[in-house]
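Input: a single structure, listed below in structure tokens.
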Amino acid sequence: MVKISPSILSADFSRLCDEIKFCEKGGADMLHLDVMDGHFVPNITFGPVVIKSIRKCTKLPFDAHLMIERPDKYIKDFVNAGSDIITVHREIKISIKNVLRKIHNYGAEAGIAINPETPFERVKDYMDRVEYILIMSVHPGFSGQSFIEDTLDKIREAREYIDSESLEVKIAVDGGVKQHNAKRIIDAGADILVAASAIFRGNVEDNIRKFKEIA
Ligand code: DX5
Ligand code: ZN
């Protein structure tokens, strides 16, 4: 069953706990937390302090999508704040292997994310070290962008490789995921759909239910 992971980036932050509870009621499987540092991406969002406070609102698993240059410095903080999965980008300039090891050592699951211009080839060698691959289908930094269609080929490539190697890695797709393209993304091989604007614009519970019907 394909999972739905709402990204709170498009939520109303003045009532974040309510928004998260709507996600739970609608049947969300996990929550996607977009952490941005203004360096790796041209935007700043939130960090462990906010994650720790929303941890009290729900038991849903938290996936912290770290769009930051030095995730290695903060793994402990993100785990202590209540992140179950920590996803880091392949494009960072420090040793990915060390960061992934650190995530596992602190007891969290690890994900590796790739930007639209990064080929799947560049993360192939990490597929036996992670529980998730996050395929970005927009340029990271902002919600509300359009899905980049070329991503479908990358999802298929990742699916084929993961299946051919009998790996357990789950494929998450992030950016521009809407109800109208969800089926194509699932057919290409996605296990998890991440969506911000398609969930938090309008009625959150209804939006998630519609995604669940497609899934
Ligand atoms: C973009 C973030 C995404 C974003 C998705 O940098 O990683 O998670 O919130 O937003 P939508 O679903 O609106 O494209
Ligand atoms: Zn994200």
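Chain labels follow the order of the structure tokens: the first chain is A, the next B, and so on; residue numbering restarts at 1 in every chain, and ligands are counted from 1 in their shown order.
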
Could you pull out the residues sitting within 8 Å of ligand 2, using only C-alpha atoms and all ligand atoms, and write them as number ranges by chain?
A: 7, 32-35, 65, 136, 140, 174-175, 194

Requested write-out: N, CA and C atoms of the selected residues, as a tab-separated table (two decimals), in the first residue's frame:
```tsv
chain	number	residue	atom	x	y	z
A	7	SER	N	3.60	17.10	3.85
A	7	SER	CA	4.69	18.02	4.21
A	7	SER	C	4.05	19.25	4.83
A	32	HIS	N	6.08	14.70	6.90
A	32	HIS	CA	7.32	15.11	6.24
A	32	HIS	C	7.66	16.52	6.71
A	33	LEU	N	8.87	16.67	7.26
A	33	LEU	CA	9.26	17.94	7.88
A	33	LEU	C	10.42	18.55	7.10
A	34	ASP	N	10.15	19.62	6.38
A	34	ASP	CA	11.15	20.23	5.51
A	34	ASP	C	12.00	21.23	6.27
A	35	VAL	N	13.23	20.83	6.52
A	35	VAL	CA	14.16	21.68	7.27
A	35	VAL	C	15.12	22.35	6.29
A	65	HIS	N	13.33	15.96	6.51
A	65	HIS	CA	14.01	16.12	5.23
A	65	HIS	C	14.97	17.30	5.38
A	136	MET	N	13.44	13.94	-5.49
A	136	MET	CA	12.84	15.27	-5.59
A	136	MET	C	12.30	15.48	-7.00
A	140	PRO	N	14.42	21.80	-4.70
A	140	PRO	CA	14.08	21.98	-3.29
A	140	PRO	C	14.15	23.44	-2.86
A	174	ASP	N	8.86	13.61	-3.87
A	174	ASP	CA	8.59	14.87	-3.17
A	174	ASP	C	8.64	16.06	-4.12
A	175	GLY	N	7.51	16.73	-4.26
A	175	GLY	CA	7.47	17.97	-5.03
A	175	GLY	C	6.46	17.93	-6.17
A	194	VAL	N	4.85	12.38	-1.03
A	194	VAL	CA	4.97	13.55	-0.16
A	194	VAL	C	4.22	14.70	-0.84
```

Nearby polymer residues, ligand 1, at most 10 Å, only C-alpha atoms and all ligand atoms, as a count of residues only:
50

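The strand (DSSP E) portion of stretch 64-171 of chain A consists of A:Ala64, A:His65, A:Leu66, A:Met67, A:Ile85, A:Ile86, A:Thr87, A:Val88, A:His89, A:Glu109, A:Ala110, A:Gly111, A:Ile112, A:Ala113, A:Ile114, A:Tyr132, A:Ile133, A:Leu134, A:Ile135, A:Met136, A:Lys170, A:Ile171, with states taken from DSSP on the backbone.
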
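Of note, atom CA of A:Lys124 and atom CA of A:Glu157 are spaced 10.3 Å apart.
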
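On the backbone of this structure, DSSP gives alpha helix (DSSP H) within stretch 49-89 of chain A to Val49, Val50, Ile51, Lys52, Ser53, Ile54, Ile75, Lys76, Asp77, Phe78, Val79 and Asn80 of chain A.
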
Residues within 7 Å of stretch 47-52 of chain A, only C-alpha atoms, excluding chain neighbours under 4 positions, as a ChimeraX atom specification
/A:35,77-78,81-82

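Nearest residue to A:Cys23, choosing from A:Phe40, A:Ala182, A:Thr58, A:Glu121 and counting only C-alpha atoms: A:Thr58.
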